[in-house]
$ cat target.pdb   # PDB, C-alpha atoms
MODEL        1
ATOM      1  CA  MET B   1       0.000   0.000   0.000
ATOM      2  CA  THR B   2       1.287   3.493  -0.770
ATOM      3  CA  PHE B   3       1.127   6.375   1.694
ATOM      4  CA  ASP B   4      -1.541   8.101  -0.423
ATOM      5  CA  GLU B   5      -3.657   4.932  -0.349
ATOM      6  CA  PHE B   6      -3.172   4.774   3.438
ATOM      7  CA  ILE B   7      -4.469   8.344   3.792
ATOM      8  CA  LYS B   8      -7.464   7.566   1.584
ATOM      9  CA  LYS B   9      -8.234   4.402   3.590
ATOM     10  CA  TYR B  10      -8.127   6.045   7.024
ATOM     11  CA  ASP B  11      -9.019   9.725   6.508
ATOM     12  CA  GLY B  12     -11.926  10.488   8.854
ATOM     13  CA  LYS B  13     -11.671   7.118  10.581
ATOM     14  CA  GLY B  14     -10.167   5.966  13.854
ATOM     15  CA  ILE B  15      -7.367   3.434  14.252
ATOM     16  CA  ASP B  16      -6.995   1.428  17.469
ATOM     17  CA  PHE B  17      -4.110  -0.779  16.341
ATOM     18  CA  ASP B  18      -3.341  -2.273  19.758
ATOM     19  CA  GLY B  19      -6.907  -2.389  21.088
ATOM     20  CA  SER B  20      -5.915  -0.284  24.109
ATOM     21  CA  TYR B  21      -6.638   3.335  25.080
ATOM     22  CA  GLY B  22      -8.785   4.040  22.010
ATOM     23  CA  ASN B  23      -7.626   5.938  18.932
ATOM     24  CA  GLN B  24      -4.171   7.335  19.686
ATOM     25  CA  CYS B  25      -1.416   8.830  17.529
ATOM     26  CA  MET B  26       0.696   5.739  18.224
ATOM     27  CA  ASP B  27      -2.017   3.571  16.641
ATOM     28  CA  LEU B  28      -1.787   5.541  13.391
ATOM     29  CA  PHE B  29       2.021   5.212  13.504
ATOM     30  CA  ARG B  30       1.875   1.448  14.092
ATOM     31  CA  ALA B  31      -0.687   0.930  11.299
ATOM     32  CA  TYR B  32       1.494   2.995   8.924
ATOM     33  CA  VAL B  33       4.565   0.916   9.794
ATOM     34  CA  ALA B  34       2.643  -2.333   9.210
ATOM     35  CA  GLU B  35       0.583  -1.435   6.144
ATOM     36  CA  VAL B  36       2.812   0.959   4.202
ATOM     37  CA  LEU B  37       6.396   0.346   5.282
ATOM     38  CA  GLY B  38       6.089  -3.352   6.085
ATOM     39  CA  PHE B  39       8.627  -2.926   8.900
ATOM     40  CA  SER B  40       8.680  -4.658  12.271
ATOM     41  CA  GLN B  41       7.125  -2.655  15.089
ATOM     42  CA  SER B  42       9.232  -0.562  17.441
ATOM     43  CA  PRO B  43       9.201  -1.562  21.124
ATOM     44  CA  SER B  44       6.273  -0.645  23.370
ATOM     45  CA  VAL B  45       6.478   2.848  24.824
ATOM     46  CA  THR B  46       4.412   4.855  27.291
ATOM     47  CA  GLY B  47       4.663   8.015  25.196
ATOM     48  CA  ALA B  48       5.013   8.775  21.482
ATOM     49  CA  TYR B  49       8.093  10.909  22.163
ATOM     50  CA  GLN B  50       9.960   7.723  23.205
ATOM     51  CA  VAL B  51       9.853   6.379  19.642
ATOM     52  CA  TRP B  52      12.746   8.768  18.909
ATOM     53  CA  ASP B  53      14.979   6.797  21.287
ATOM     54  CA  THR B  54      13.649   3.300  20.542
ATOM     55  CA  ALA B  55      13.426   3.370  16.725
ATOM     56  CA  ASP B  56      15.544   0.747  14.971
ATOM     57  CA  THR B  57      18.349   2.613  13.174
ATOM     58  CA  ALA B  58      18.641  -0.299  10.739
ATOM     59  CA  LEU B  59      15.158   0.674   9.502
ATOM     60  CA  TYR B  60      15.164   4.445   9.969
ATOM     61  CA  GLU B  61      17.542   7.351   9.621
ATOM     62  CA  LYS B  62      17.002   9.647  12.626
ATOM     63  CA  ILE B  63      17.034  13.292  11.496
ATOM     64  CA  PRO B  64      17.035  15.898  14.291
ATOM     65  CA  ASN B  65      14.851  18.977  13.809
ATOM     66  CA  THR B  66      16.845  22.029  12.696
ATOM     67  CA  PRO B  67      15.744  25.481  11.449
ATOM     68  CA  SER B  68      16.622  24.499   7.866
ATOM     69  CA  GLY B  69      15.361  20.899   7.886
ATOM     70  CA  ILE B  70      12.276  19.720   6.029
ATOM     71  CA  PRO B  71      11.079  16.106   6.288
ATOM     72  CA  GLN B  72      10.208  14.134   3.172
ATOM     73  CA  LYS B  73       6.772  12.780   2.358
ATOM     74  CA  GLY B  74       6.292   9.609   4.395
ATOM     75  CA  ASP B  75       8.748  10.543   7.155
ATOM     76  CA  ILE B  76       7.558  10.008  10.728
ATOM     77  CA  VAL B  77       7.554  13.246  12.729
ATOM     78  CA  ILE B  78       8.017  13.016  16.505
ATOM     79  CA  TRP B  79       7.177  15.712  19.062
ATOM     80  CA  GLY B  80       8.635  15.882  22.569
ATOM     81  CA  GLN B  81       6.816  16.371  25.846
ATOM     82  CA  GLY B  82       6.519  20.101  25.190
ATOM     83  CA  ALA B  83       3.567  19.065  23.010
ATOM     84  CA  GLY B  84       1.979  17.189  25.918
ATOM     85  CA  LYS B  85       2.831  14.553  28.492
ATOM     86  CA  TYR B  86       3.154  11.781  25.877
ATOM     87  CA  GLY B  87       4.454  13.838  22.963
ATOM     88  CA  HIS B  88       2.973  13.166  19.534
ATOM     89  CA  ILE B  89       3.757  11.267  16.340
ATOM     90  CA  ALA B  90       2.420  11.729  12.786
ATOM     91  CA  VAL B  91       3.391  11.118   9.157
ATOM     92  CA  PHE B  92       4.693  14.039   7.098
ATOM     93  CA  ILE B  93       2.901  15.005   3.883
ATOM     94  CA  ASP B  94       4.445  18.301   2.752
ATOM     95  CA  GLY B  95       5.775  21.575   4.064
ATOM     96  CA  THR B  96       8.432  24.251   4.310
ATOM     97  CA  THR B  97      10.971  25.206   6.974
ATOM     98  CA  SER B  98       8.269  27.112   8.874
ATOM     99  CA  SER B  99       5.176  24.864   8.691
ATOM    100  CA  PHE B 100       3.964  21.528   7.406
ATOM    101  CA  ARG B 101       1.019  19.179   6.951
ATOM    102  CA  SER B 102       0.945  15.652   8.305
ATOM    103  CA  PHE B 103      -1.465  12.761   8.670
ATOM    104  CA  ASP B 104      -2.476  12.726  12.335
ATOM    105  CA  GLN B 105      -4.763  11.077  14.836
ATOM    106  CA  ASN B 106      -5.604  12.489  18.268
ATOM    107  CA  TRP B 107      -4.307  16.000  17.415
ATOM    108  CA  PRO B 108      -6.297  17.797  18.558
ATOM    109  CA  VAL B 109      -7.130  15.372  21.348
ATOM    110  CA  GLY B 110      -9.981  13.039  20.399
ATOM    111  CA  SER B 111      -9.751  13.637  16.642
ATOM    112  CA  LEU B 112      -9.886  10.830  14.092
ATOM    113  CA  CYS B 113      -7.294  10.429  11.320
ATOM    114  CA  HIS B 114      -7.001  13.579   9.208
ATOM    115  CA  ILE B 115      -4.584  15.958   7.507
ATOM    116  CA  GLN B 116      -3.378  18.509  10.067
ATOM    117  CA  GLY B 117      -1.323  21.682   9.771
ATOM    118  CA  HIS B 118       1.604  22.166  12.172
ATOM    119  CA  TYR B 119       4.557  24.344  13.043
ATOM    120  CA  TYR B 120       7.827  22.795  14.187
ATOM    121  CA  ASN B 121       7.367  23.771  17.854
ATOM    122  CA  ASN B 122       8.439  20.870  20.090
ATOM    123  CA  VAL B 123       9.362  18.603  17.151
ATOM    124  CA  ILE B 124      12.337  16.466  18.202
ATOM    125  CA  GLY B 125      12.965  15.234  14.676
ATOM    126  CA  TRP B 126      11.764  12.678  12.166
ATOM    127  CA  LEU B 127      12.443   9.138  11.108
ATOM    128  CA  HIS B 128      13.232   8.627   7.446
ATOM    129  CA  PRO B 129      12.486   5.028   6.372
ATOM    130  CA  LYS B 130      15.478   3.227   4.856
ATOM    131  CA  GLY B 131      15.316   0.696   2.060
ATOM    132  CA  ASP B 132      15.114   0.255  -1.674
ATOM    133  CA  ASN B 133      11.304   0.110  -1.767
ATOM    134  CA  MET B 134      10.259   3.747  -2.155
ATOM    135  CA  GLU B 135       6.530   2.992  -2.599
ATOM    136  CA  TRP B 136       5.611   4.789   0.613
ATOM    137  CA  TYR B 137       6.468   8.157  -0.993
ATOM    138  CA  LYS B 138       3.874   7.925  -3.766
TER
ENDMDL
END
$ encode --input "target.pdb" --output "structure tokens"
Amino acid sequence: MTFDEFIKKYDGKGIDFDGSYGNQCMDLFRAYVAEVLGFSQSPSVTGAYQVWDTADTALYEKIPNTPSGIPQKGDIVIWGQGAGKYGHIAVFIDGTTSSFRSFDQNWPVGSLCHIQGHYYNNVIGWLHPKGDNMEWYK
């Protein structure tokens, strides 16, 4: 499945990938990893911000947020606890150095999957999927 197909499938719907705590941003992330990237899941975490430290560097390049950095379509954006107790995680669609759009769930709290505008406040960085299969960028 491509990233665009993933958005079409889940836009306006909720994902409860693990069957716990309802529709959370981590559920969207885990479904994206399974259905689009086909990667193994990262370890369990109590907060989305912890994915930055637990992500498998054999699968992802970890790119810290900088004033000149712009993620690529399909990159996984991770916010720290400045965005809330558990941080946040979403999948980048497009943007500039000042703002971007991503595919989110539970931002704002309680929202279903949708395209959301953001600034880079509290973004730790993003995970860029490694591999020869570039289907997720279509």
$ residues_around --input "target.pdb" --residues "Glu35 of chain B" --least-positions-apart "3" --cutoff "8 Å" --atoms "all atoms listed in the file" --output "PyMOL selection string"
chain B and resi 1+6+31-32+38
$ residues_around --input "target.pdb" --residues "Leu127 of chain B" --least-positions-apart "2" --cutoff "9 Å" --atoms "only C-alpha atoms" --output "list of chain:residue names"
B:Trp52, B:Ala55, B:Tyr60, B:Glu61, B:Lys62, B:Ile63, B:Pro64, B:Pro71, B:Asp75, B:Ile76, B:Val77, B:Ile78, B:Gly125, B:Pro129
$ atom_distance --input "target.pdb" --atom1 "atom CA of Asp16 of chain B" --atom2 "atom CA of Gly110 of chain B"
12.3 Å
$ resolve_selection --input "target.pdb" --expression "the PyMOL selection byres ((chain B and resi 18) around 12)" --output "PDB file with C-alpha atoms, in the coordinates of the input"
ATOM      1  CA  ILE B  15      -7.367   3.434  14.252  1.00  0.00           C
ATOM      2  CA  ASP B  16      -6.995   1.428  17.469  1.00  0.00           C
ATOM      3  CA  PHE B  17      -4.110  -0.779  16.341  1.00  0.00           C
ATOM      4  CA  GLY B  19      -6.907  -2.389  21.088  1.00  0.00           C
ATOM      5  CA  SER B  20      -5.915  -0.284  24.109  1.00  0.00           C
ATOM      6  CA  TYR B  21      -6.638   3.335  25.080  1.00  0.00           C
ATOM      7  CA  GLY B  22      -8.785   4.040  22.010  1.00  0.00           C
ATOM      8  CA  ASN B  23      -7.626   5.938  18.932  1.00  0.00           C
ATOM      9  CA  GLN B  24      -4.171   7.335  19.686  1.00  0.00           C
ATOM     10  CA  CYS B  25      -1.416   8.830  17.529  1.00  0.00           C
ATOM     11  CA  MET B  26       0.696   5.739  18.224  1.00  0.00           C
ATOM     12  CA  ASP B  27      -2.017   3.571  16.641  1.00  0.00           C
ATOM     13  CA  LEU B  28      -1.787   5.541  13.391  1.00  0.00           C
ATOM     14  CA  PHE B  29       2.021   5.212  13.504  1.00  0.00           C
ATOM     15  CA  ARG B  30       1.875   1.448  14.092  1.00  0.00           C
ATOM     16  CA  ALA B  31      -0.687   0.930  11.299  1.00  0.00           C
ATOM     17  CA  GLN B  41       7.125  -2.655  15.089  1.00  0.00           C
ATOM     18  CA  SER B  44       6.273  -0.645  23.370  1.00  0.00           C
TER      19      SER B  44
END
$ residues_near_point --input "target.pdb" --point "(-11.7, 9.8, 7.6)" --cutoff "12 Å" --atoms "all atoms listed in the file" --output "PyMOL selection string"
chain B and resi 6-15+103-105+111-115
$ residues_around --input "target.pdb" --residues "Gly84 of chain B" --least-positions-apart "3" --cutoff "12 Å" --atoms "only C-alpha atoms" --output "PyMOL selection string"
chain B and resi 47-49+78-81+87-89+106-109+121-123
$ write_last_selection --input "target.pdb" --atoms "C-alpha atoms" --output "compact mmCIF listing (two decimals), in the frame of the given file"
# COMPACT_ATOMS: atom_id res chain seq x y z
CA GLY B 47 4.66 8.02 25.20
CA ALA B 48 5.01 8.78 21.48
CA TYR B 49 8.09 10.91 22.16
CA ILE B 78 8.02 13.02 16.50
CA TRP B 79 7.18 15.71 19.06
CA GLY B 80 8.64 15.88 22.57
CA GLN B 81 6.82 16.37 25.85
CA GLY B 87 4.45 13.84 22.96
CA HIS B 88 2.97 13.17 19.53
CA ILE B 89 3.76 11.27 16.34
CA ASN B 106 -5.60 12.49 18.27
CA TRP B 107 -4.31 16.00 17.42
CA PRO B 108 -6.30 17.80 18.56
CA VAL B 109 -7.13 15.37 21.35
CA ASN B 121 7.37 23.77 17.85
CA ASN B 122 8.44 20.87 20.09
CA VAL B 123 9.36 18.60 17.15
$ build_atoms --input "target.pdb" --residues "segment 13-24 of chain B" --atoms "all heavy atoms" --output "compact mmCIF listing (two decimals), in the coordinates of the input"
# COMPACT_ATOMS: atom_id res chain seq x y z
N LYS B 13 -11.40 8.33 9.80
CA LYS B 13 -11.67 7.12 10.58
C LYS B 13 -10.70 7.03 11.76
O LYS B 13 -9.66 7.66 11.77
CB LYS B 13 -11.52 5.87 9.70
CG LYS B 13 -12.50 5.85 8.55
CD LYS B 13 -12.30 4.66 7.65
CE LYS B 13 -13.32 4.70 6.54
NZ LYS B 13 -12.78 4.30 5.27
N GLY B 14 -11.04 6.19 12.71
CA GLY B 14 -10.17 5.97 13.85
C GLY B 14 -9.41 4.66 13.71
O GLY B 14 -9.91 3.70 13.14
N ILE B 15 -8.18 4.65 14.24
CA ILE B 15 -7.37 3.43 14.25
C ILE B 15 -7.04 3.12 15.71
O ILE B 15 -6.50 3.96 16.42
CB ILE B 15 -6.04 3.62 13.48
CG1 ILE B 15 -6.29 4.03 12.03
CG2 ILE B 15 -5.21 2.35 13.56
CD1 ILE B 15 -5.02 4.42 11.27
N ASP B 16 -7.37 1.91 16.13
CA ASP B 16 -7.00 1.43 17.47
C ASP B 16 -6.18 0.16 17.25
O ASP B 16 -6.65 -0.94 17.49
CB ASP B 16 -8.23 1.18 18.32
CG ASP B 16 -7.89 0.84 19.76
OD1 ASP B 16 -6.70 0.90 20.14
OD2 ASP B 16 -8.82 0.50 20.52
N PHE B 17 -4.97 0.32 16.77
CA PHE B 17 -4.11 -0.78 16.34
C PHE B 17 -3.89 -1.81 17.43
O PHE B 17 -3.91 -3.02 17.18
CB PHE B 17 -2.76 -0.22 15.85
CG PHE B 17 -1.87 -1.22 15.19
CD1 PHE B 17 -2.02 -1.52 13.84
CD2 PHE B 17 -0.86 -1.86 15.89
CE1 PHE B 17 -1.19 -2.44 13.22
CE2 PHE B 17 -0.03 -2.78 15.28
CZ PHE B 17 -0.19 -3.07 13.95
N ASP B 18 -3.66 -1.36 18.66
CA ASP B 18 -3.34 -2.27 19.76
C ASP B 18 -4.55 -2.65 20.61
O ASP B 18 -4.44 -3.46 21.54
CB ASP B 18 -2.24 -1.70 20.65
CG ASP B 18 -2.62 -0.39 21.31
OD1 ASP B 18 -3.78 0.07 21.17
OD2 ASP B 18 -1.74 0.21 21.97
N GLY B 19 -5.70 -2.08 20.32
CA GLY B 19 -6.91 -2.39 21.09
C GLY B 19 -6.90 -1.83 22.50
O GLY B 19 -7.71 -2.24 23.33
N SER B 20 -6.01 -0.89 22.77
CA SER B 20 -5.92 -0.28 24.11
C SER B 20 -5.97 1.24 24.01
O SER B 20 -5.41 1.81 23.07
CB SER B 20 -4.59 -0.67 24.78
OG SER B 20 -4.49 -2.06 24.92
N TYR B 21 -6.60 1.87 24.94
CA TYR B 21 -6.64 3.34 25.08
C TYR B 21 -7.36 4.06 23.95
O TYR B 21 -7.24 5.27 23.83
CB TYR B 21 -5.21 3.91 25.24
CG TYR B 21 -4.42 3.26 26.33
CD1 TYR B 21 -3.36 2.42 26.02
CD2 TYR B 21 -4.74 3.46 27.67
CE1 TYR B 21 -2.62 1.79 27.02
CE2 TYR B 21 -4.01 2.84 28.68
CZ TYR B 21 -2.96 2.01 28.35
OH TYR B 21 -2.24 1.40 29.34
N GLY B 22 -8.05 3.37 23.08
CA GLY B 22 -8.78 4.04 22.01
C GLY B 22 -7.86 4.50 20.89
O GLY B 22 -6.76 3.99 20.72
N ASN B 23 -8.34 5.46 20.12
CA ASN B 23 -7.63 5.94 18.93
C ASN B 23 -6.54 6.93 19.33
O ASN B 23 -6.83 8.09 19.64
CB ASN B 23 -8.60 6.61 17.97
CG ASN B 23 -9.74 5.70 17.57
OD1 ASN B 23 -9.57 4.49 17.46
ND2 ASN B 23 -10.92 6.26 17.38
N GLN B 24 -5.30 6.50 19.30
CA GLN B 24 -4.17 7.34 19.69
C GLN B 24 -3.24 7.56 18.49
O GLN B 24 -3.28 6.80 17.51
CB GLN B 24 -3.37 6.66 20.81
CG GLN B 24 -4.17 6.39 22.07
CD GLN B 24 -4.60 7.66 22.76
OE1 GLN B 24 -3.82 8.60 22.89
NE2 GLN B 24 -5.86 7.71 23.16
